[in-house]
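Below is the file input_19.pdb, which contains PDB, C-alpha atoms.
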ATOM      1  CA  MET A  27       6.806  -2.012  -1.805
ATOM      2  CA  LYS A  28       5.537  -3.273  -5.171
ATOM      3  CA  ARG A  29       2.146  -4.068  -3.669
ATOM      4  CA  ILE A  30       1.753  -0.547  -2.270
ATOM      5  CA  PHE A  31       2.960   1.025  -5.527
ATOM      6  CA  LEU A  32       0.474  -1.005  -7.563
ATOM      7  CA  PHE A  33      -2.353  -0.137  -5.182
ATOM      8  CA  LEU A  34      -1.576   3.592  -5.382
ATOM      9  CA  LEU A  35      -1.104   3.534  -9.163
ATOM     10  CA  THR A  36      -4.359   1.658  -9.743
ATOM     11  CA  ASN A  37      -6.191   3.888  -7.306
ATOM     12  CA  PHE A  38      -4.907   7.053  -8.984
ATOM     13  CA  ALA A  39      -5.810   5.783 -12.471
ATOM     14  CA  VAL A  40      -9.323   4.816 -11.375
ATOM     15  CA  LEU A  41      -9.692   8.165  -9.594
ATOM     16  CA  ILE A  42      -8.839  10.138 -12.758
ATOM     17  CA  VAL A  43     -11.082   8.001 -14.999
ATOM     18  CA  LEU A  44     -14.047   8.201 -12.619
ATOM     19  CA  SER A  45     -13.590  11.917 -12.118
ATOM     20  CA  ALA A  46     -13.473  12.614 -15.854
ATOM     21  CA  SER A  47     -16.365  10.256 -16.638
ATOM     22  CA  MET A  48     -18.668  11.710 -13.993
ATOM     23  CA  SER A  49     -17.868  15.248 -15.111
ATOM     24  CA  VAL A  50     -18.586  14.428 -18.774
ATOM     25  CA  LEU A  51     -21.842  12.669 -17.864
ATOM     26  CA  GLY A  52     -22.883  15.579 -15.682
ATOM     27  CA  VAL A  53     -23.057  13.492 -12.529
ATOM     28  CA  GLY A  54     -22.690  15.535  -9.364
ATOM     29  CA  ARG A  55     -24.456  18.847  -9.802
ATOM     30  CA  PHE A  56     -22.265  20.829  -7.450
ATOM     31  CA  MET A  57     -22.054  23.939  -9.607
ATOM     32  CA  THR A  58     -24.991  26.302  -9.297
ATOM     33  CA  ALA A  59     -25.810  29.803 -10.476
ATOM     34  CA  ASN A  60     -24.696  31.039  -7.068
ATOM     35  CA  GLY A  61     -21.384  29.172  -7.073
ATOM     36  CA  LEU A  62     -20.285  25.851  -5.654
ATOM     37  CA  ASP A  63     -22.650  23.726  -3.582
ATOM     38  CA  LEU A  64     -20.072  22.402  -1.122
ATOM     39  CA  THR A  65     -22.368  19.685   0.257
ATOM     40  CA  GLN A  66     -22.996  18.243  -3.212
ATOM     41  CA  LEU A  67     -19.309  18.599  -4.035
ATOM     42  CA  LEU A  68     -18.334  16.669  -0.907
ATOM     43  CA  ILE A  69     -20.779  13.866  -1.784
ATOM     44  CA  PHE A  70     -19.461  13.794  -5.349
ATOM     45  CA  SER A  71     -15.866  13.702  -4.070
ATOM     46  CA  ALA A  72     -16.579  10.893  -1.580
ATOM     47  CA  ILE A  73     -18.239   8.739  -4.252
ATOM     48  CA  ILE A  74     -15.248   9.103  -6.559
ATOM     49  CA  GLY A  75     -12.660   8.829  -3.765
ATOM     50  CA  PHE A  76     -13.945   5.684  -2.105
ATOM     51  CA  THR A  77     -14.937   3.989  -5.361
ATOM     52  CA  GLY A  78     -11.382   4.363  -6.608
ATOM     53  CA  SER A  79      -9.789   2.869  -3.497
ATOM     54  CA  ILE A  80     -12.347   0.051  -3.212
ATOM     55  CA  ILE A  81     -11.877  -0.981  -6.848
ATOM     56  CA  SER A  82      -8.115  -0.976  -6.268
ATOM     57  CA  LEU A  83      -8.589  -3.274  -3.277
ATOM     58  CA  LEU A  84     -10.921  -5.677  -5.062
ATOM     59  CA  ILE A  85      -8.538  -6.202  -7.973
ATOM     60  CA  SER A  86      -5.357  -6.157  -5.860
ATOM     61  CA  LYS A  87      -4.783  -9.929  -6.044
ATOM     62  CA  TRP A  88      -5.289 -10.000  -9.782
ATOM     63  CA  MET A  89      -3.021  -6.988 -10.271
ATOM     64  CA  ALA A  90      -0.298  -8.537  -8.118
ATOM     65  CA  LYS A  91      -0.384 -11.824 -10.029
ATOM     66  CA  GLN A  92      -0.321 -10.107 -13.395
ATOM     67  CA  SER A  93       2.459  -7.688 -12.552
ATOM     68  CA  THR A  94       4.807 -10.217 -10.963
ATOM     69  CA  GLY A  95       3.889 -13.307 -12.972
ATOM     70  CA  ALA A  96       3.249 -15.099  -9.683
ATOM     71  CA  ARG A  97       2.267 -18.755  -9.993
ATOM     72  CA  VAL A  98      -0.212 -19.946  -7.383
ATOM     73  CA  ILE A  99       0.720 -23.303  -5.868
ATOM     74  CA  ASP A 100      -2.004 -25.931  -5.841
ATOM     75  CA  PRO A 101      -2.079 -26.944  -2.151
ATOM     76  CA  GLN A 102      -3.254 -30.411  -3.150
ATOM     77  CA  ALA A 103      -0.484 -30.917  -5.711
ATOM     78  CA  PRO A 104       2.695 -28.930  -4.980
ATOM     79  CA  ALA A 105       5.408 -29.421  -7.597
ATOM     80  CA  ASN A 106       8.155 -30.322  -5.118
ATOM     81  CA  ALA A 107       9.097 -30.540  -1.440
ATOM     82  CA  LYS A 108       9.974 -26.825  -1.264
ATOM     83  CA  GLU A 109       6.517 -25.827  -2.502
ATOM     84  CA  ALA A 110       4.866 -28.273  -0.102
ATOM     85  CA  TRP A 111       6.829 -26.772   2.798
ATOM     86  CA  LEU A 112       5.951 -23.249   1.677
ATOM     87  CA  VAL A 113       2.208 -23.949   1.546
ATOM     88  CA  ASP A 114       2.257 -25.811   4.845
ATOM     89  CA  THR A 115       4.176 -23.028   6.588
ATOM     90  CA  VAL A 116       1.855 -20.278   5.352
ATOM     91  CA  HIS A 117      -1.207 -22.304   6.340
ATOM     92  CA  GLN A 118       0.170 -22.987   9.819
ATOM     93  CA  LEU A 119       0.926 -19.297  10.329
ATOM     94  CA  ALA A 120      -2.538 -18.332   9.065
ATOM     95  CA  ASP A 121      -4.135 -20.788  11.495
ATOM     96  CA  ARG A 122      -2.153 -19.278  14.391
ATOM     97  CA  ALA A 123      -3.181 -15.783  13.294
ATOM     98  CA  GLY A 124      -6.838 -16.791  13.100
ATOM     99  CA  ILE A 125      -7.358 -15.897   9.437
ATOM    100  CA  GLY A 126      -8.435 -17.827   6.369
ATOM    101  CA  ARG A 127      -5.669 -19.724   4.615
ATOM    102  CA  PRO A 128      -4.224 -17.500   1.858
ATOM    103  CA  GLU A 129      -3.324 -18.542  -1.646
ATOM    104  CA  VAL A 130       0.426 -19.159  -1.824
ATOM    105  CA  ALA A 131       2.432 -18.190  -4.888
ATOM    106  CA  ILE A 132       6.001 -18.040  -6.181
ATOM    107  CA  TYR A 133       7.396 -15.536  -8.660
ATOM    108  CA  GLU A 134      10.769 -15.004 -10.312
ATOM    109  CA  GLY A 135      12.790 -12.140  -8.893
ATOM    110  CA  ALA A 136      15.197 -10.738  -6.336
ATOM    111  CA  PRO A 137      14.620 -11.530  -2.633
ATOM    112  CA  ASN A 138      11.194 -10.176  -1.704
ATOM    113  CA  ALA A 139       7.691 -11.178  -0.670
ATOM    114  CA  PHE A 140       4.265  -9.589  -0.454
ATOM    115  CA  ALA A 141       0.725 -10.171   0.751
ATOM    116  CA  THR A 142      -2.447  -8.687  -0.665
ATOM    117  CA  GLY A 143      -6.165  -9.323  -0.921
ATOM    118  CA  ALA A 144      -9.581  -7.862  -0.251
ATOM    119  CA  SER A 145     -10.015  -9.343   3.218
ATOM    120  CA  ARG A 146      -8.432 -11.408   5.998
ATOM    121  CA  ASN A 147     -10.049 -14.522   4.540
ATOM    122  CA  ASN A 148      -9.356 -13.790   0.881
ATOM    123  CA  SER A 149      -5.666 -13.061   0.526
ATOM    124  CA  LEU A 150      -2.506 -13.987  -1.347
ATOM    125  CA  VAL A 151       1.004 -14.488   0.019
ATOM    126  CA  ALA A 152       3.761 -14.615  -2.595
ATOM    127  CA  VAL A 153       7.509 -15.056  -2.299
ATOM    128  CA  SER A 154      10.255 -14.658  -4.873
ATOM    129  CA  THR A 155      12.620 -17.355  -6.006
ATOM    130  CA  GLY A 156      15.472 -15.106  -4.895
ATOM    131  CA  LEU A 157      14.186 -15.072  -1.336
ATOM    132  CA  LEU A 158      13.777 -18.849  -1.227
ATOM    133  CA  THR A 159      17.322 -19.467  -2.436
ATOM    134  CA  SER A 160      19.059 -16.807  -0.324
ATOM    135  CA  MET A 161      17.530 -17.509   3.102
ATOM    136  CA  THR A 162      17.324 -20.396   5.502
ATOM    137  CA  GLU A 163      13.922 -21.990   6.120
ATOM    138  CA  GLU A 164      13.693 -20.262   9.494
ATOM    139  CA  GLU A 165      14.332 -16.872   7.887
ATOM    140  CA  VAL A 166      11.825 -17.561   5.114
ATOM    141  CA  ALA A 167       9.283 -18.555   7.770
ATOM    142  CA  ALA A 168       9.880 -15.204   9.497
ATOM    143  CA  VAL A 169       9.223 -13.325   6.255
ATOM    144  CA  LEU A 170       6.070 -15.391   5.714
ATOM    145  CA  GLY A 171       5.017 -14.543   9.257
ATOM    146  CA  HIS A 172       5.528 -10.871   8.461
ATOM    147  CA  GLU A 173       3.247 -11.131   5.419
ATOM    148  CA  VAL A 174       0.603 -13.136   7.273
ATOM    149  CA  ALA A 175       0.679 -10.483  10.007
ATOM    150  CA  HIS A 176      -0.117  -7.847   7.367
ATOM    151  CA  VAL A 177      -3.230  -9.819   6.456
ATOM    152  CA  ALA A 178      -4.195 -10.471  10.086
ATOM    153  CA  ASN A 179      -3.762  -6.775  10.941
ATOM    154  CA  GLY A 180      -6.140  -5.828   8.131
ATOM    155  CA  ASP A 181      -3.550  -3.500   6.619
ATOM    156  CA  MET A 182      -5.047  -3.509   3.117
ATOM    157  CA  ILE A 183      -8.505  -2.645   4.445
ATOM    158  CA  THR A 184      -7.103   0.181   6.566
ATOM    159  CA  LEU A 185      -5.045   1.412   3.624
ATOM    160  CA  THR A 186      -8.200   1.424   1.497
ATOM    161  CA  LEU A 187     -10.110   3.518   4.040
ATOM    162  CA  ILE A 188      -7.219   5.975   4.434
ATOM    163  CA  GLN A 189      -6.837   6.239   0.678
ATOM    164  CA  GLY A 190     -10.589   6.760   0.259
ATOM    165  CA  VAL A 191     -10.600   9.660   2.714
ATOM    166  CA  LEU A 192      -7.532  11.227   1.086
ATOM    167  CA  ASN A 193      -9.011  10.755  -2.397
ATOM    168  CA  THR A 194     -12.152  12.540  -1.231
ATOM    169  CA  PHE A 195     -10.208  15.581  -0.105
ATOM    170  CA  VAL A 196      -8.034  15.537  -3.241
ATOM    171  CA  VAL A 197     -11.126  15.686  -5.479
ATOM    172  CA  PHE A 198     -12.892  18.187  -3.195
ATOM    173  CA  PHE A 199     -10.111  20.748  -2.875
ATOM    174  CA  ALA A 200      -8.951  20.369  -6.486
ATOM    175  CA  ARG A 201     -12.371  21.565  -7.652
ATOM    176  CA  ILE A 202     -12.503  24.403  -5.163
ATOM    177  CA  VAL A 203      -9.113  25.660  -6.357
ATOM    178  CA  GLY A 204     -10.154  25.140  -9.982
ATOM    179  CA  TYR A 205     -13.320  27.162  -9.471
ATOM    180  CA  PHE A 206     -11.384  29.947  -7.739
ATOM    181  CA  VAL A 207      -8.809  30.155 -10.548
ATOM    182  CA  ASP A 208     -11.480  30.115 -13.246
ATOM    183  CA  ARG A 209     -13.737  32.745 -11.674
ATOM    184  CA  VAL A 210     -11.397  34.983  -9.663
ATOM    185  CA  VAL A 211      -8.051  34.759 -11.446
ATOM    186  CA  LEU A 212      -9.210  34.283 -15.059
ATOM    187  CA  LYS A 213     -12.416  36.322 -14.565
ATOM    188  CA  ASN A 214     -14.579  33.764 -16.348
ATOM    189  CA  ASP A 215     -18.253  34.349 -15.549
ATOM    190  CA  ARG A 216     -19.855  32.104 -18.179
ATOM    191  CA  GLY A 217     -19.972  28.552 -16.876
ATOM    192  CA  VAL A 218     -16.579  26.938 -16.474
ATOM    193  CA  GLY A 219     -13.709  27.332 -18.861
ATOM    194  CA  MET A 220     -10.528  25.461 -19.707
ATOM    195  CA  GLY A 221      -8.817  27.166 -16.802
ATOM    196  CA  TYR A 222     -11.065  25.246 -14.408
ATOM    197  CA  TYR A 223     -10.382  21.844 -15.978
ATOM    198  CA  ALA A 224      -6.637  22.428 -16.332
ATOM    199  CA  THR A 225      -6.386  23.580 -12.730
ATOM    200  CA  VAL A 226      -8.405  20.619 -11.447
ATOM    201  CA  ILE A 227      -6.140  18.142 -13.247
ATOM    202  CA  ALA A 228      -2.989  19.871 -12.011
ATOM    203  CA  CYS A 229      -4.295  20.050  -8.436
ATOM    204  CA  GLU A 230      -5.353  16.397  -8.432
ATOM    205  CA  ILE A 231      -1.805  15.448  -9.380
ATOM    206  CA  VAL A 232      -0.179  17.739  -6.791
ATOM    207  CA  PHE A 233      -2.641  16.906  -4.000
ATOM    208  CA  GLY A 234      -2.372  13.217  -4.921
ATOM    209  CA  ILE A 235       1.390  13.367  -4.427
ATOM    210  CA  LEU A 236       0.927  15.027  -1.040
ATOM    211  CA  ALA A 237      -1.636  12.376  -0.095
ATOM    212  CA  SER A 238       0.853   9.657  -1.005
ATOM    213  CA  ILE A 239       3.187  11.001   1.691
ATOM    214  CA  ILE A 240       0.495  10.246   4.281
ATOM    215  CA  VAL A 241      -0.089   6.787   2.819
ATOM    216  CA  ALA A 242       3.673   6.127   2.868
ATOM    217  CA  TRP A 243       3.850   7.171   6.537
ATOM    218  CA  PHE A 244       1.090   4.704   7.389
ATOM    219  CA  SER A 245       2.871   2.029   5.360
ATOM    220  CA  ARG A 246       6.073   2.521   7.378
ATOM    221  CA  GLN A 247       4.174   2.143  10.661
ATOM    222  CA  ARG A 248       2.499  -1.054   9.513
ATOM    223  CA  GLU A 249       5.910  -2.556   8.687
ATOM    224  CA  TYR A 250       6.919  -2.288  12.336
ATOM    225  CA  ARG A 251       3.642  -3.939  13.377
ATOM    226  CA  ALA A 252       4.117  -6.736  10.852
ATOM    227  CA  ASP A 253       7.686  -7.356  12.070
ATOM    228  CA  ALA A 254       6.367  -7.661  15.627
ATOM    229  CA  GLY A 255       3.541  -9.852  14.362
ATOM    230  CA  SER A 256       6.025 -12.239  12.762
ATOM    231  CA  ALA A 257       7.950 -12.466  16.039
ATOM    232  CA  ASN A 258       4.736 -13.299  17.887
ATOM    233  CA  LEU A 259       3.666 -15.935  15.378
ATOM    234  CA  LEU A 260       7.067 -17.645  15.487
ATOM    235  CA  GLY A 261       7.508 -17.202  19.238
ATOM    236  CA  SER A 262      10.847 -15.444  18.770
ATOM    237  CA  ARG A 263      12.088 -12.181  17.272
ATOM    238  CA  GLU A 264      15.492 -13.580  16.261
ATOM    239  CA  PRO A 265      14.380 -15.164  12.936
ATOM    240  CA  MET A 266      12.859 -11.857  11.791
ATOM    241  CA  ILE A 267      15.988  -9.958  12.852
ATOM    242  CA  ARG A 268      18.168 -12.371  10.872
ATOM    243  CA  ALA A 269      15.851 -12.162   7.850
ATOM    244  CA  LEU A 270      15.975  -8.358   7.899
ATOM    245  CA  ALA A 271      19.749  -8.415   8.208
ATOM    246  CA  ARG A 272      19.917 -10.802   5.277
ATOM    247  CA  LEU A 273      17.751  -8.471   3.182
ATOM    248  CA  GLY A 274      20.000  -5.574   4.177
ATOM    249  CA  GLY A 275      23.099  -7.484   3.188
ATOM    250  CA  VAL A 276      24.807  -6.990   6.562
ATOM    251  CA  GLU A 277      25.020  -8.713   9.916
ATOM    252  CA  ALA A 278      22.336  -7.700  12.417
ATOM    253  CA  GLY A 279      24.844  -6.328  14.905
ATOM    254  CA  GLU A 280      26.960  -4.485  12.350
ATOM    255  CA  LEU A 281      24.493  -2.259  10.514
ATOM    256  CA  PRO A 282      25.956   1.175   9.724
ATOM    257  CA  LYS A 283      23.961   4.013  11.283
ATOM    258  CA  THR A 284      23.283   5.643   7.925
ATOM    259  CA  PHE A 285      21.957   2.470   6.276
ATOM    260  CA  GLU A 286      18.373   2.649   5.035
ATOM    261  CA  ALA A 287      16.307   0.354   2.846
ATOM    262  CA  SER A 288      15.518   0.952  -0.811
ATOM    263  CA  GLY A 289      18.538   3.151  -1.453
ATOM    264  CA  ILE A 290      17.427   5.949   0.899
ATOM    265  CA  SER A 291      20.546   7.498   2.394
ATOM    266  CA  GLY A 292      19.077   9.315   5.350
ATOM    267  CA  LYS A 293      16.087  10.981   6.975
ATOM    268  CA  ARG A 294      16.968  14.301   5.354
ATOM    269  CA  ALA A 295      16.405  12.867   1.875
ATOM    270  CA  ILE A 296      13.109  14.029   0.390
ATOM    271  CA  SER A 297      12.520  10.503  -0.934
ATOM    272  CA  ALA A 298      12.304   9.223   2.641
ATOM    273  CA  MET A 299       8.846  10.795   2.898
ATOM    274  CA  PHE A 300       7.623   8.592   0.061
ATOM    275  CA  ALA A 301       9.286   5.364   1.240
ATOM    276  CA  SER A 302       6.809   2.572   1.978
ATOM    277  CA  HIS A 303       9.301   0.789   4.266
ATOM    278  CA  PRO A 304      11.399   2.143   7.153
ATOM    279  CA  PRO A 305      15.186   1.683   7.100
ATOM    280  CA  ILE A 306      16.138  -1.914   7.861
ATOM    281  CA  GLN A 307      18.331  -0.772  10.742
ATOM    282  CA  ALA A 308      15.334   0.987  12.313
ATOM    283  CA  ARG A 309      13.233  -2.155  11.983
ATOM    284  CA  ILE A 310      15.921  -4.304  13.577
ATOM    285  CA  ASN A 311      16.368  -1.782  16.378
ATOM    286  CA  ALA A 312      12.605  -1.771  16.993
ATOM    287  CA  LEU A 313      12.601  -5.545  17.383
ATOM    288  CA  HIS A 314      15.576  -5.408  19.733
ATOM    289  CA  ALA A 315      13.869  -2.682  21.797
ATOM    290  CA  ALA A 316      10.526  -4.485  22.021
ATOM    291  CA  GLN A 317       9.578  -6.386  25.136
ATOM    292  CA  ARG A 318      10.992  -9.873  25.034
ATOM    293  CA  ILE A 319       8.912 -12.216  22.917
TER     294      ILE A 319
END
Show this structure as structure tokens.
Amino acid sequence: MKRIFLFLLTNFAVLIVLSASMSVLGVGRFMTANGLDLTQLLIFSAIIGFTGSIISLLISKWMAKQSTGARVIDPQAPANAKEAWLVDTVHQLADRAGIGRPEVAIYEGAPNAFATGASRNNSLVAVSTGLLTSMTEEEVAAVLGHEVAHVANGDMITLTLIQGVLNTFVVFFARIVGYFVDRVVLKNDRGVGMGYYATVIACEIVFGILASIIVAWFSRQREYRADAGSANLLGSREPMIRALARLGGVEAGELPKTFEASGISGKRAISAMFASHPPIQARINALHAAQRI
């Protein structure tokens, strides 16, 4: 969840800075005497939209390390037996998945783990100290398999492409609405006024929030795929089921029907649309319902 939040936050910040900079510098001549040149506006929007998401992807490992304080383990000189096991397990899973061996890191915090990176062969897998101390080795291996599956599935690349397309439409439609408000509502016929800029900023925020709902939906689907990927890498779905149950704080067979991850109380809650992870019960049920692994 932290990885997705950081990606979206960085992407949004870069999007705003690029948009403002290009407007100030006069890049993207989409306003003409006859109105908006929609072709030029679309090109302008795509440049800003995809640049923002690509920059976010390229610095994702650095951002993750800085934000969590993750310490990368030297695979040639692990500090102890636990670190040696961790590196060896991640490397074995990466070899099975057919990807480059990720960097492996540990950070202080409650039970959690994440994977990030610009490509399948340039990634980082990090686990918290809380996860290492609260789970068995088999359960930790299942979580590591889940993260390696994210990398193998190319989830960060796909997320970048989806975010780039959504950014493009956010920038595009924000300027169309801004132009409409400035010319039609405020009756400004001399260039563009403050109404245009204020409307563009407001629309980018609103449209950006709506776009994040789509990104969150994709994120929830990729969690199911990563759970299944972990089961395939380990040759059994039971370790992942037990790890999920451990994260949920309940036994796998005794999950209450209303239980959902991250404090979400039910599908009717508006926050469920923004959740990057499905309810733990739903993930366990999906593994149980899958064809036997």
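One finds CA of Leu158 in chain A at 8.8 Å from CA of Lys108 in chain A.
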Near range 296-315 of chain A, 9 Å: range 216-269 of chain A residue rows, closest pairs, all atoms listed in the file, as a Markdown table:
| residue | atom | partner | partner_atom | distance |
| --- | --- | --- | --- | --- |
| A:Ser238 | CA | A:Phe300 | CA | 6.9 |
| A:Ile239 | CA | A:Phe300 | CA | 5.3 |
| A:Ile240 | CA | A:Phe300 | CA | 8.4 |
| A:Val241 | CA | A:Ser302 | CA | 8.1 |
| A:Ala242 | CA | A:Ser302 | CA | 4.8 |
| A:Trp243 | CA | A:Ser302 | CA | 7.1 |
| A:Phe244 | CA | A:Ser302 | CA | 8.2 |
| A:Ser245 | CA | A:Ser302 | CA | 5.2 |
| A:Arg246 | CA | A:His303 | CA | 4.8 |
| A:Gln247 | CA | A:Pro304 | CA | 8.0 |
| A:Arg248 | CA | A:His303 | CA | 8.8 |
| A:Glu249 | CA | A:His303 | CA | 6.5 |
| A:Tyr250 | CA | A:Arg309 | CA | 6.3 |
| A:Asp253 | CA | A:Leu313 | CA | 7.5 |
| A:Ala254 | CA | A:Leu313 | CA | 6.8 |
| A:Ala257 | CA | A:Leu313 | CA | 8.4 |
| A:Arg263 | CA | A:Leu313 | CA | 6.7 |
| A:Glu264 | CA | A:Leu313 | CA | 8.6 |
| A:Met266 | CA | A:Ile310 | CA | 8.3 |
| A:Ile267 | CA | A:Ile310 | CA | 5.7 |
| A:Arg268 | CA | A:Ile310 | CA | 8.8 |
**Message:** Running the PyMOL selection byres ((chain A and resi 194) around 6) on this model by hand, what would come out? Give it as number ranges by chain.
**Reply:** A: 71-72, 75, 191-193, 195-197
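Point (17.1, -10.2, 1.3) has the following residues at most 8 Å away: Ala136, Pro137, Asn138, Leu157, Ser160, Met161, Ala269, Leu270, Ala271, Arg272, Leu273, Gly274 and Gly275 of chain A (atoms considered: all atoms listed in the file).
Checking A:Ile235, A:Val116, A:Leu62, A:Ile188 one by one against Leu170 in chain A, counting all atoms listed in the file, you find the shortest gap at A:Val116.
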For Arg97 in chain A: contacts at 7 Å, all atoms listed in the file, fewer than 6 positions along chain excluded, given as a JSON list (two decimals) with C-alpha atoms, in the coordinates of the input:
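Result file follows (out30.json):
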[["chain", "number", "residue", "atom", "x", "y", "z"],
["A", 131, "ALA", "CA", 2.43, -18.19, -4.89],
["A", 132, "ILE", "CA", 6.00, -18.04, -6.18],
["A", 133, "TYR", "CA", 7.40, -15.54, -8.66]]
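Evaluated on this file, the PyMOL selection byres ((chain A and resi 222) around 8) matches A:Arg201, A:Gly204, A:Tyr205, A:Val207, A:Asp208, A:Val218, A:Gly219, A:Met220, A:Gly221, A:Tyr223, A:Ala224, A:Thr225, A:Val226.
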Those residues with C-alpha atoms, as a compact mmCIF listing (two decimals), in the coordinates of the input please?
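New file out_29.txt:
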# COMPACT_ATOMS: atom_id res chain seq x y z
CA ARG A 201 -12.37 21.56 -7.65
CA GLY A 204 -10.15 25.14 -9.98
CA TYR A 205 -13.32 27.16 -9.47
CA VAL A 207 -8.81 30.16 -10.55
CA ASP A 208 -11.48 30.12 -13.25
CA VAL A 218 -16.58 26.94 -16.47
CA GLY A 219 -13.71 27.33 -18.86
CA MET A 220 -10.53 25.46 -19.71
CA GLY A 221 -8.82 27.17 -16.80
CA TYR A 223 -10.38 21.84 -15.98
CA ALA A 224 -6.64 22.43 -16.33
CA THR A 225 -6.39 23.58 -12.73
CA VAL A 226 -8.40 20.62 -11.45
**Asked** Restricting the calculation to all atoms listed in the file, which member of A:Asp121, A:Asp215, A:Asp114, A:Glu109 is positioned closest to Val174 in chain A?
**Response** A:Asp121
**Result set of the PyMOL selection byres ((chain A and resi 86) around 8) on the coordinates above, as a VMD selection string** = chain A and resid 32 to 33 82 to 85 87 to 90 142 to 144
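Between CA of Thr115 in chain A and CA of Gly171 in chain A lies a distance of 8.9 Å.
With all atoms listed in the file as the basis for measurement, A:Gly135 is the residue among A:Gly135, A:Val211, A:Val130, A:Trp111 that approaches Gly156 in chain A most closely.
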**Separation of CA of Ile42 in chain A from CA of Ile69 in chain A, in Å and rounded to one decimal** = 16.6 Å
